[in-house]
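The structure under discussion appears below in the form of structure tokens.
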Amino acid sequence: QVTGHLDDCACDVETIDAFNNYKLFPRLNELLESDYFRYYKVNLKKPCPFWNDNSHCGIRDCAVKPCPSDEVPDGIRSGSYKYSEEARNLAEECEEAKRLGAVDGSLSKEAQQAVLQWTRHDDASDSFCEADDIYSPDAEYVDLLLNPERYTGYKGPDAWKIWNSIYEENCFKPQNVKRPLASGRGESFIYLTKWFSSVCVEKRAFYKLISGLHASINIHLSARYLLQDTWSEKKWGPNVTEFQQRFDEVLTRGEGPRRLKNLYFLYLIELRALSKVLPFFERPGFQLYTGNRNHDAEMKNLLLEILHLAKSFPLHFDENSLFAGNKKEAAKLKEEFRLHFKNISKIMDCVGCFKCRLWGKLQTQGLGTALKILFSENLIEKIPERGPSYGFQLTRQEIVALFNAFGRL
């Protein structure tokens with residue numbers, strides 16, 4: 001079990017567990033099931049900006065196994081379809097992908113009307129993420145409750161290519177650690193231990209955020225694994241072996257517990273952002289607008305209850321420890337930090353499994369929004385109690401991503 005003190009924090013694992021499990025998560029879970037937070041607009045068709053990725057079908061129903069493009073009907077390849085018959089008649093090698101990786105796009109007419117209203121409330125852009133153009137014809141609303149984060153069969157070289165790109169090209173990390181989260185690489189643990197003791201807190205923090213995000217995703221894939229798939233029943237549940245391969249101290253030669261502690265570090269960063277952004281949501285003019293006035297008011301009250309609870313947490317991460325040195329050097333490092341993370345958000349468009357891409361994009365945008373909040377403290381302090389907030393703004397996309405990403409943790 002992972003216990004005790006967290007590096008670079010004034011907190012410990014047990015305090016976070018008790019606070020989250022008994023106080024915060026039950027309320028947060030209720031919020032995330034509401035209409036405002038369950039629909040996320042995403043463009044799953046954006047091309048990968050870093051390499052030509054022809055290894056997977058370019059449609060949402062074929063999300064895992066490699067597919068020869070000549071087996072995909074022309075109508076689908078041209079993009080002139082929407083959940084068409086052709087999409088259900090793919091070649092045999094796409095069938096597993098279709099079952100496990102398909103994104104359920106069904107929305108009721110009432111929900112479609114509500115989400116059209118929401119677009120009027122989205123007006124700003126963030127700086128830590130490469131955000132989707134939500135007005136693009138390819139951007140569509142997805143019901144997150146119909147598309148839970150779970151194992152889809154997406155693994156092997158293609159999945160590793162994504163994580164290798166994130167770690168090796170975008171992370172502040174020692175060059176000789178090639179695959180920080182691969183199992184059975186004891187030497188990387190030794191290098192990491194030496195490296196952590198020699199670099200500044202900002203670089204350690206960045207690395208731990210990405211490692212924590214990776215750990216979170218792996219936990220969800222292990223916890224909601226396809227255990228049985230027959231004609232009569234699909235059974236999803238915990239796969240202990242899968243979990244142990246990624247986190248067991250012996251099997252990972254010491255790395256597993258550190259990965260889990262990085263998850264707690266990521267939790268603290270996003271929790272701190274929630275505590276800081278309270279003034280933005282407290283304004284009378286801010287509404288969780290869905291068109292159902294009573295329900296919207298009820299959800300805003302629940303949202304504020306969660307944010308006040310976050311603020312009451314006794315052992316917050318001290319973000320003032322970041323970028324606190326020489327002003328010129330700190331500004332340079334902060335910009336590098338921002339650009340690194342923006343690059344990681346772009347890599348999510350290279351994920352071959354569409355359901356994995358959906359949750360990858362949402363969670364990176366959520367973390368990017370948390371970083372934006374932490375680095376905008378001066379602007380947030382100047383938000384007027386009434387009237388519009390011109391200096392600091394969050395779009396509905398950012399709000400939905402922020403809370404759903406935290407809900408994953």
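Residue names in the structure tokens use chain letters A, B, ... in the order shown, residue numbers from 1 in each chain, and ligand numbers from 1 in the order shown.
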How close does range 220-294 of chain A get to range 371-374 of chain A? List, as JSON lines, each residue of range 220-294 of chain A within 10 Å, its nearest atom pair and the distance in Å to one decimal, counting only C-alpha atoms.
```
{"residue": "A:Ile269", "atom": "CA", "partner": "A:Leu371", "partner_atom": "CA", "distance": 8.1}
{"residue": "A:Glu270", "atom": "CA", "partner": "A:Leu371", "partner_atom": "CA", "distance": 8.0}
{"residue": "A:Arg272", "atom": "CA", "partner": "A:Leu374", "partner_atom": "CA", "distance": 7.8}
{"residue": "A:Ala273", "atom": "CA", "partner": "A:Leu374", "partner_atom": "CA", "distance": 5.7}
{"residue": "A:Leu274", "atom": "CA", "partner": "A:Ile373", "partner_atom": "CA", "distance": 8.3}
{"residue": "A:Ser275", "atom": "CA", "partner": "A:Leu374", "partner_atom": "CA", "distance": 9.8}
{"residue": "A:Lys276", "atom": "CA", "partner": "A:Ile373", "partner_atom": "CA", "distance": 7.1}
{"residue": "A:Val277", "atom": "CA", "partner": "A:Ile373", "partner_atom": "CA", "distance": 6.6}
```
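Minimum atom-to-atom distances from A:Asp12, A:Pro388, A:Phe375, A:His340 to Asn320 in chain A were compared using only C-alpha atoms, and the lowest value belongs to A:Phe375.
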Shortest contact to Gln112 in chain A, candidates A:Tyr151, A:Phe286, A:Tyr39, A:Phe341, atoms counted only C-alpha atoms, goes to A:Tyr39
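Across the structure, CA of Gly256 in chain A and CA of Val2 in chain A are spaced 9.4 Å apart.
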The distance between CA of Leu304 in chain A and CA of Asn147 in chain A is 26.6 Å
Quiz prompt | Selection near Ala324 in chain A, 12 Å with only C-alpha atoms, sequence-local residues under 4 positions removed, as a ChimeraX atom specification | solution = /A:200-202,318-320,328-334
Shortest contact to Phe128 in chain A, candidates A:Leu288, A:Leu339, A:Leu268, A:Cys350, atoms counted only C-alpha atoms, goes to A:Leu339
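Ranking A:Thr252, A:Glu335, A:Ala223, A:Lys311 by their shortest atom-to-atom distance to Leu271 in chain A, with only C-alpha atoms included, puts A:Lys311 first.
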Write out as a JSON list (two decimals) with C-alpha atoms, in the first residue's frame which residues come within 7 Å of Leu358 in chain A when counting only C-alpha atoms, dropping same-chain ones fewer than 4 positions away.
```json
[["chain", "number", "residue", "atom", "x", "y", "z"],
["A", 44, "LEU", "CA", -12.24, 13.38, -32.53],
["A", 354, "PHE", "CA", -11.27, 7.28, -30.17],
["A", 362, "LEU", "CA", -10.62, 15.88, -21.68]]
```
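Distances to Thr290 in chain A were evaluated for A:Ala111, A:Cys11, A:Val42, A:Leu307 using only C-alpha atoms, and the minimum falls at A:Ala111.
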(message) Could you pull out the strand (DSSP E or B) residues of range 209-265 of chain A, going by DSSP on the backbone, and write them as a ChimeraX atom specification?
(response) /A:225-229,234-237
Counting only C-alpha atoms, closest pick from A:Val103, A:Ala215, A:Leu209, A:Ala370 relative to Pro148 in chain A is A:Val103
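Between CA of Glu149 in chain A and CA of His220 in chain A the separation is 6.6 Å.
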